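Data from start.tsv: TSV, C-alpha atoms
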chain	number	residue	atom	x	y	z
A	258	MET	CA	0.00	0.00	0.00
A	259	ASN	CA	1.49	3.39	-1.00
A	260	ARG	CA	1.71	6.38	1.35
A	261	THR	CA	-1.38	8.12	-0.07
A	262	ALA	CA	-3.51	5.01	0.22
A	263	TRP	CA	-2.28	4.44	3.77
A	264	LYS	CA	-3.23	8.00	4.78
A	265	LEU	CA	-6.68	7.60	3.23
A	266	CYS	CA	-7.17	4.30	5.02
A	267	SER	CA	-6.10	5.80	8.38
A	268	LEU	CA	-8.41	8.77	7.84
A	269	ALA	CA	-11.32	6.46	7.09
A	270	LEU	CA	-10.66	4.39	10.21
A	271	ALA	CA	-10.44	7.51	12.38
A	272	LEU	CA	-13.67	8.86	10.88
A	273	ALA	CA	-15.41	5.54	11.46
A	274	ALA	CA	-14.24	5.47	15.08
A	275	THR	CA	-15.49	9.03	15.61
A	276	VAL	CA	-18.84	8.28	14.04
A	277	GLY	CA	-19.09	5.06	16.07
A	278	ALA	CA	-18.35	6.86	19.32
A	279	ALA	CA	-20.87	9.57	18.49
A	280	HIS	CA	-23.47	6.93	17.68
A	281	ALA	CA	-22.76	5.12	20.95
A	282	GLN	CA	-23.31	8.37	22.85
A	283	ASP	CA	-26.52	9.09	20.93
A	284	ALA	CA	-27.75	5.56	21.70
A	285	TYR	CA	-26.92	5.86	25.41
A	286	PRO	CA	-28.04	4.02	27.40
A	287	SER	CA	-28.23	0.81	25.39
A	288	LYS	CA	-27.94	-1.45	28.45
A	289	PRO	CA	-28.66	-1.30	32.20
A	290	VAL	CA	-26.91	1.40	34.23
A	291	THR	CA	-25.36	0.53	37.61
A	292	MET	CA	-25.86	2.98	40.48
A	293	VAL	CA	-23.31	2.30	43.21
A	294	VAL	CA	-24.49	3.17	46.72
A	295	PRO	CA	-21.30	3.04	48.83
A	296	PHE	CA	-23.10	2.07	52.04
A	297	PRO	CA	-25.23	-0.83	53.26
A	298	PRO	CA	-29.04	-0.79	52.84
A	299	GLY	CA	-30.99	1.39	55.25
A	300	GLY	CA	-28.86	4.53	55.21
A	301	VAL	CA	-29.57	7.90	53.59
A	302	ALA	CA	-27.77	7.13	50.31
A	303	ASP	CA	-29.78	3.93	49.94
A	304	VAL	CA	-33.08	5.54	50.95
A	305	VAL	CA	-32.52	8.28	48.34
A	306	GLY	CA	-30.81	6.13	45.72
A	307	ARG	CA	-33.48	3.50	45.20
A	308	PRO	CA	-36.46	5.74	44.34
A	309	VAL	CA	-34.20	8.05	42.32
A	310	ALA	CA	-32.81	5.08	40.36
A	311	GLU	CA	-36.33	3.88	39.62
A	312	ALA	CA	-37.41	7.30	38.34
A	313	MET	CA	-34.25	7.74	36.26
A	314	ALA	CA	-34.79	4.30	34.74
A	315	ARG	CA	-38.27	5.31	33.54
A	316	HIS	CA	-36.78	8.35	31.80
A	317	LEU	CA	-33.77	6.52	30.33
A	318	ASN	CA	-35.80	3.47	29.23
A	319	GLN	CA	-33.17	1.21	30.77
A	320	PRO	CA	-32.92	-0.33	34.26
A	321	VAL	CA	-30.82	1.59	36.78
A	322	VAL	CA	-29.65	-1.15	39.13
A	323	VAL	CA	-28.67	-0.16	42.67
A	324	VAL	CA	-25.61	-1.99	44.00
A	325	ASN	CA	-24.55	-1.52	47.63
A	326	ARG	CA	-20.74	-1.44	47.82
A	327	ALA	CA	-19.99	-0.66	51.45
A	328	GLY	CA	-16.74	-0.20	53.34
A	329	ALA	CA	-14.23	2.41	54.55
A	330	GLY	CA	-16.92	4.97	55.35
A	331	GLY	CA	-18.11	4.86	51.75
A	332	GLY	CA	-14.63	5.12	50.27
A	333	ILE	CA	-14.61	1.68	48.61
A	334	GLY	CA	-17.72	2.31	46.54
A	335	MET	CA	-16.70	5.86	45.74
A	336	ALA	CA	-13.27	4.72	44.56
A	337	GLN	CA	-14.87	1.99	42.45
A	338	VAL	CA	-16.86	4.53	40.45
A	339	ALA	CA	-13.98	7.04	40.33
A	340	LYS	CA	-11.86	4.38	38.60
A	341	ALA	CA	-14.62	2.92	36.41
A	342	ALA	CA	-14.86	3.32	32.64
A	343	PRO	CA	-16.18	6.82	31.82
A	344	ASP	CA	-19.07	5.57	29.70
A	345	GLY	CA	-22.08	6.46	31.85
A	346	TYR	CA	-22.86	2.90	32.91
A	347	ASN	CA	-21.41	3.33	36.41
A	348	VAL	CA	-22.88	6.19	38.43
A	349	LEU	CA	-22.42	6.99	42.11
A	350	MET	CA	-25.00	8.04	44.68
A	351	ALA	CA	-22.68	9.63	47.22
A	352	LEU	CA	-23.10	11.41	50.52
A	353	SER	CA	-21.22	14.48	51.74
A	354	SER	CA	-18.43	12.26	53.07
A	355	ILE	CA	-17.15	12.22	49.48
A	356	VAL	CA	-15.51	15.62	50.09
A	357	VAL	CA	-14.06	14.50	53.44
A	358	LEU	CA	-12.45	11.13	52.74
A	359	PRO	CA	-9.60	12.27	50.45
A	360	GLU	CA	-8.55	14.87	53.03
A	361	ALA	CA	-8.88	12.31	55.83
A	362	ASP	CA	-6.57	9.91	53.97
A	363	LYS	CA	-3.96	12.66	53.76
A	364	ILE	CA	-4.29	13.36	57.52
A	365	LEU	CA	-3.73	9.64	58.11
A	366	GLY	CA	-0.62	9.68	55.92
A	367	ARG	CA	-1.88	7.31	53.25
A	368	ALA	CA	-2.61	7.59	49.56
A	369	PRO	CA	-6.23	8.72	48.99
A	370	MET	CA	-8.57	5.99	47.74
A	371	PHE	CA	-9.82	8.54	45.20
A	372	GLU	CA	-9.64	12.26	44.47
A	373	LEU	CA	-12.57	14.57	43.75
A	374	ASN	CA	-11.15	15.44	40.33
A	375	GLN	CA	-11.72	11.81	39.31
A	376	LEU	CA	-15.47	12.41	39.42
A	377	ILE	CA	-17.93	14.74	37.68
A	378	PRO	CA	-20.91	16.06	39.67
A	379	ILE	CA	-24.23	15.37	37.95
A	380	ALA	CA	-26.82	16.62	40.46
A	381	ARG	CA	-27.40	17.18	44.15
A	382	MET	CA	-30.56	15.39	45.24
A	383	THR	CA	-31.01	16.08	48.97
A	384	ALA	CA	-29.44	18.16	51.74
A	385	ASP	CA	-30.70	17.42	55.25
A	386	PRO	CA	-29.32	18.55	58.61
A	387	THR	CA	-28.00	15.73	60.76
A	388	VAL	CA	-30.06	14.82	63.84
A	389	LEU	CA	-28.75	13.64	67.24
A	390	VAL	CA	-30.75	10.53	68.16
A	391	VAL	CA	-30.88	8.24	71.21
A	392	ARG	CA	-33.10	5.30	72.17
A	393	ALA	CA	-36.53	6.23	73.50
A	394	ASP	CA	-35.78	4.31	76.71
A	395	SER	CA	-32.48	6.15	77.33
A	396	PRO	CA	-32.18	8.27	80.48
A	397	TRP	CA	-31.74	11.48	78.43
A	398	LYS	CA	-34.99	13.25	77.62
A	399	THR	CA	-33.27	16.45	76.43
A	400	TYR	CA	-29.98	17.54	74.90
A	401	ALA	CA	-29.10	19.33	78.16
A	402	GLU	CA	-29.35	16.05	80.09
A	403	PHE	CA	-27.33	14.24	77.40
A	404	ILE	CA	-24.43	16.67	77.30
A	405	ALA	CA	-24.37	17.04	81.09
A	406	HIS	CA	-23.87	13.28	81.38
A	407	ALA	CA	-21.19	13.34	78.67
A	408	LYS	CA	-19.25	16.00	80.55
A	409	ALA	CA	-19.68	14.37	83.96
A	410	HIS	CA	-18.70	10.92	82.69
A	411	PRO	CA	-16.07	11.27	79.92
A	412	GLY	CA	-16.05	8.31	77.54
A	413	GLN	CA	-19.10	6.66	79.04
A	414	ILE	CA	-21.48	7.69	76.24
A	415	THR	CA	-20.82	5.82	73.01
A	416	PHE	CA	-21.92	6.88	69.54
A	417	GLY	CA	-22.10	4.87	66.33
A	418	SER	CA	-21.20	6.04	62.85
A	419	SER	CA	-20.92	4.90	59.26
A	420	GLY	CA	-17.12	4.91	59.56
A	421	ASN	CA	-14.20	7.18	60.43
A	422	TYR	CA	-14.63	10.70	59.01
A	423	GLY	CA	-18.04	9.77	57.57
A	424	THR	CA	-21.23	11.81	57.65
A	425	MET	CA	-22.18	10.41	61.07
A	426	HIS	CA	-18.73	10.84	62.59
A	427	VAL	CA	-17.78	14.40	61.61
A	428	PRO	CA	-20.80	16.13	63.22
A	429	MET	CA	-20.22	14.29	66.51
A	430	GLU	CA	-16.60	15.42	66.49
A	431	GLN	CA	-17.89	18.97	65.96
A	432	LEU	CA	-20.16	18.54	68.99
A	433	LYS	CA	-17.35	17.15	71.14
A	434	ALA	CA	-15.05	20.05	70.22
A	435	ALA	CA	-17.73	22.71	70.73
A	436	THR	CA	-18.70	21.37	74.19
A	437	SER	CA	-15.28	20.18	75.43
A	438	SER	CA	-16.79	16.75	76.01
A	439	TYR	CA	-15.57	13.24	75.26
A	440	MET	CA	-17.73	10.44	73.88
A	441	LEU	CA	-16.47	7.11	72.56
A	442	HIS	CA	-16.72	6.57	68.80
A	443	VAL	CA	-17.82	3.14	67.49
A	444	PRO	CA	-17.59	2.92	63.67
A	445	TYR	CA	-19.92	0.63	61.69
A	446	THR	CA	-20.09	-0.01	57.94
A	447	GLY	CA	-23.04	2.33	57.37
A	448	ALA	CA	-25.95	4.24	58.89
A	449	GLY	CA	-28.27	1.24	58.83
A	450	PRO	CA	-25.95	-0.99	60.91
A	451	ALA	CA	-25.14	1.93	63.25
A	452	ILE	CA	-28.82	2.57	63.98
A	453	LEU	CA	-29.42	-1.15	64.48
A	454	GLY	CA	-26.48	-1.12	66.88
A	455	MET	CA	-28.10	1.67	68.86
A	456	LEU	CA	-31.51	-0.04	68.88
A	457	SER	CA	-29.88	-3.21	70.22
A	458	GLY	CA	-28.02	-1.32	72.95
A	459	GLN	CA	-24.50	-1.56	71.48
A	460	VAL	CA	-24.15	2.25	71.36
A	461	ASP	CA	-26.00	5.12	73.03
A	462	ALA	CA	-26.40	7.67	70.25
A	463	VAL	CA	-25.97	8.44	66.57
A	464	ALA	CA	-25.93	11.55	64.40
A	465	THR	CA	-27.80	10.73	61.21
A	466	GLY	CA	-29.93	12.17	58.43
A	467	PRO	CA	-33.67	12.30	59.22
A	468	ALA	CA	-34.44	9.74	56.50
A	469	SER	CA	-32.51	7.06	58.41
A	470	ALA	CA	-34.29	7.62	61.70
A	471	VAL	CA	-37.68	9.30	61.27
A	472	GLY	CA	-39.54	5.99	60.96
A	473	GLN	CA	-38.10	4.73	64.25
A	474	ILE	CA	-38.76	8.10	65.88
A	475	LYS	CA	-42.41	8.03	64.82
A	476	ALA	CA	-42.65	4.42	66.02
A	477	GLY	CA	-41.54	5.52	69.48
A	478	LYS	CA	-38.26	3.58	69.43
A	479	LEU	CA	-35.90	6.54	69.08
A	480	ARG	CA	-35.80	10.08	70.43
A	481	ALA	CA	-34.29	13.08	68.61
A	482	LEU	CA	-32.55	15.55	70.95
A	483	ALA	CA	-31.20	18.24	68.60
A	484	HIS	CA	-30.13	18.83	65.01
A	485	TRP	CA	-27.30	20.51	63.15
A	486	GLY	CA	-29.50	22.65	60.86
A	487	GLU	CA	-31.16	26.07	60.88
A	488	GLY	CA	-34.48	26.69	62.63
A	489	ARG	CA	-36.96	23.86	63.18
A	490	LEU	CA	-37.45	20.87	60.88
A	491	ALA	CA	-40.91	20.33	59.38
A	492	LEU	CA	-40.76	16.61	60.16
A	493	LEU	CA	-39.45	17.13	63.71
A	494	PRO	CA	-40.90	20.49	64.80
A	495	ASP	CA	-40.25	19.86	68.50
A	496	VAL	CA	-36.53	19.25	68.04
A	497	PRO	CA	-34.29	22.33	68.55
A	498	SER	CA	-31.23	23.15	66.50
A	499	PHE	CA	-27.82	23.33	68.16
A	500	LYS	CA	-27.64	27.02	67.30
A	501	GLU	CA	-30.92	27.50	69.17
A	502	LEU	CA	-29.33	25.70	72.12
A	503	GLY	CA	-26.28	27.94	72.03
A	504	VAL	CA	-23.90	25.47	70.37
A	505	PRO	CA	-22.43	27.13	67.23
A	506	ILE	CA	-22.22	24.09	64.92
A	507	ASN	CA	-24.00	22.99	61.76
A	508	TYR	CA	-23.69	20.08	59.37
A	509	SER	CA	-25.63	19.05	56.29
A	510	GLN	CA	-25.74	15.46	55.09
A	511	TRP	CA	-26.30	15.88	51.37
A	512	SER	CA	-26.62	13.26	48.65
A	513	GLY	CA	-25.65	13.61	45.02
A	514	ILE	CA	-24.94	11.76	41.79
A	515	PHE	CA	-21.46	11.56	40.23
A	516	VAL	CA	-19.85	9.83	37.23
A	517	PRO	CA	-16.19	9.18	36.37
A	518	ALA	CA	-14.21	12.07	34.93
A	519	GLY	CA	-13.95	11.81	31.16
A	520	THR	CA	-17.57	10.74	30.69
A	521	PRO	CA	-18.72	12.26	27.35
A	522	ALA	CA	-20.70	15.49	27.61
A	523	ALA	CA	-23.67	14.00	25.75
A	524	VAL	CA	-23.91	11.18	28.30
A	525	VAL	CA	-23.51	13.60	31.21
A	526	ASN	CA	-26.35	15.70	29.83
A	527	LYS	CA	-28.65	12.69	29.55
A	528	LEU	CA	-27.93	11.76	33.16
A	529	ARG	CA	-28.48	15.37	34.27
A	530	GLU	CA	-31.86	15.39	32.59
A	531	ALA	CA	-32.78	12.02	34.12
A	532	ALA	CA	-31.83	13.29	37.60
A	533	ARG	CA	-33.90	16.45	37.08
A	534	VAL	CA	-36.90	14.40	35.99
A	535	ALA	CA	-36.51	12.17	39.05
A	536	ALA	CA	-36.49	15.19	41.39
A	537	GLN	CA	-39.73	16.44	39.82
A	538	ASP	CA	-41.50	13.09	39.57
A	539	PRO	CA	-44.62	13.16	41.81
A	540	ARG	CA	-44.36	9.45	42.67
A	541	THR	CA	-40.72	9.81	43.71
A	542	VAL	CA	-41.37	13.02	45.65
A	543	GLN	CA	-44.05	11.20	47.64
A	544	VAL	CA	-41.76	8.26	48.37
A	545	MET	CA	-39.07	10.64	49.60
A	546	THR	CA	-41.52	12.59	51.76
A	547	THR	CA	-42.74	9.38	53.35
A	548	ALA	CA	-39.12	8.37	54.00
A	549	GLY	CA	-38.49	11.61	55.88
A	550	THR	CA	-36.60	13.74	53.37
A	551	SER	CA	-37.22	15.98	50.37
A	552	PHE	CA	-35.39	16.97	47.23
A	553	GLN	CA	-32.99	19.92	47.39
A	554	PHE	CA	-32.05	19.61	43.73
A	555	GLN	CA	-29.05	21.33	42.17
A	556	ASP	CA	-28.04	20.84	38.54
A	557	ALA	CA	-24.44	20.08	37.58
A	558	ALA	CA	-22.96	23.61	37.48
A	559	ASP	CA	-24.42	24.74	40.82
A	560	PHE	CA	-23.72	21.36	42.38
A	561	ASP	CA	-20.07	21.54	41.30
A	562	LYS	CA	-19.70	24.93	43.02
A	563	PHE	CA	-21.44	23.56	46.10
A	564	VAL	CA	-19.13	20.53	46.24
A	565	GLN	CA	-15.98	22.65	45.91
A	566	ALA	CA	-17.11	25.02	48.68
A	567	ASP	CA	-18.08	22.14	50.97
A	568	ALA	CA	-14.77	20.38	50.31
A	569	LYS	CA	-12.89	23.51	51.37
A	570	ALA	CA	-14.95	23.92	54.54
A	571	MET	CA	-14.74	20.24	55.49
A	572	ALA	CA	-10.97	20.16	54.96
A	573	THR	CA	-10.68	22.62	57.83
A	574	VAL	CA	-12.96	20.46	60.01
A	575	VAL	CA	-10.99	17.29	59.25
A	576	GLN	CA	-7.70	19.01	60.02
A	577	LYS	CA	-9.09	20.05	63.42
A	578	ILE	CA	-10.25	16.48	64.10
A	579	GLY	CA	-6.81	15.14	63.22
A	580	LYS	CA	-5.90	11.47	63.23
A	581	VAL	CA	-8.56	9.01	64.34
A	582	ASN	CA	-7.71	5.41	65.16
Mind converting the file's structure to structure tokens?
Amino acid sequence: MNRTAWKLCSLALALAATVGAAHAQDAYPSKPVTMVVPFPPGGVADVVGRPVAEAMARHLNQPVVVVNRAGAGGGIGMAQVAKAAPDGYNVLMALSSIVVLPEADKILGRAPMFELNQLIPIARMTADPTVLVVRADSPWKTYAEFIAHAKAHPGQITFGSSGNYGTMHVPMEQLKAATSSYMLHVPYTGAGPAILGMLSGQVDAVATGPASAVGQIKAGKLRALAHWGEGRLALLPDVPSFKELGVPINYSQWSGIFVPAGTPAAVVNKLREAARVAAQDPRTVQVMTTAGTSFQFQDAADFDKFVQADAKAMATVVQKIGKVN
């Protein structure tokens, strides 16, 4: 083959590859999409992820299959998606711990499991203040009684979490620092196991999103003492905020969808639209309301700004916490 023929052949192959890739993007999704929830069933990411996946599937005309990939405070599942092929078939339903874990790894002197720049934000779905919860049969009827006991008996009160530096751990460290108190941290693999641990008497308290606990609160099994948000919560109108109680701390446990960096823009846009449709779907809105949460939707551009700002703020918090064994 002469040089001219070789160039023509190479050009034709490159054009065919480009057309093929464009067609693949236009045809997306042509098979089921996997939504990785990096925590066990029963936690906020799972409670949000399943109805959202179902609504997105109706819009995309392909199943969106939820897979729980728990471990390392969510880091294992997050890293799995961060390193997955950027083709839109692996999406992540993450919690706000996604901005904390890379910084925590650095504090601990180890290579981060993933970096934020390995992921593209698609949409924020929820943003709920964390709630301090104890068993209904505990001796603490109010936050004042709880914190008085914590100060009088350092290390006697135990609290469960979804893992070191996770969304249930960081707010409790904020509370400890703000009140000069000491409570013993017991990490679990997720919010669901941590709440089960509290219900069974393994730990005394948890800080969790309302969606993980509101059912048990309404059933009379758990009691909410305070929350990390602003004002009163519609679902828990009798529960004061820490700011109202004179403790200057706040923490939002948000959930959002991410895909691997390098995912084609056309695929990203289809997922953005599917997430928007899910947040506006009446059936899904009702499911979320019943579960104890509501959509606080942000599209990709606003969500990206939100993530970057939260990452900066949480880096400061993690540095203050320091190393945790």
(request) Measuring atom to atom with all atoms listed in the file, identify which of A:Gly334, A:Gly345, A:Gly466, A:Pro297 is nearest to A:Val525. (result)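 Using all atoms listed in the file, A:Val525 sits closest to A:Gly345.
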(request) Kindly give the distance, in Å, that separates atom CA of A:Ala434 and atom CA of A:Asp495, rounded to a single decimal. (result)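 Straight-line distance from atom CA of A:Ala434 to atom CA of A:Asp495 works out to 25.3 Å.
Taking atom CA of A:Pro343 as the reference point, atom CA of A:Lys562 is found at 21.6 Å.
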(request) Enter the distance from atom CA of A:Val388 to atom CA of A:Tyr508, in Å, rounded to one decimal. (result)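 The value is 9.4 Å.
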Within 12 Å of stretch 302-319 of chain A, which residues of stretch 547-580 of chain A show up? Give each one with its shortest atom-to-atom distance in Å (one decimal) and the two atoms involved, counting all atoms listed in the file, rows by chain then rising residue number, as a Markdown table.
| residue | atom | partner | partner_atom | distance |
| --- | --- | --- | --- | --- |
| A:Thr547 | CA | A:Val304 | CA | 10.7 |
| A:Ala548 | CA | A:Val304 | CA | 7.3 |
| A:Gly549 | CA | A:Val304 | CA | 9.5 |
| A:Thr550 | CA | A:Val305 | CA | 8.5 |
| A:Ser551 | CA | A:Val305 | CA | 9.2 |
| A:Phe552 | CA | A:Val305 | CA | 9.2 |
| A:Gln553 | CA | A:Val305 | CA | 11.7 |
| A:Phe554 | CA | A:Val309 | CA | 11.8 |
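If you measure from each of A:Thr436, A:Thr415, A:Lys398, A:Gly519 to A:Arg480 using only C-alpha atoms, the closest one turns out to be A:Lys398.
Among the candidates A:Pro521, A:Gly331, A:Gly579, A:Pro289, the residue lying nearest to A:Leu352 is A:Gly331 (atoms considered: all atoms listed in the file).
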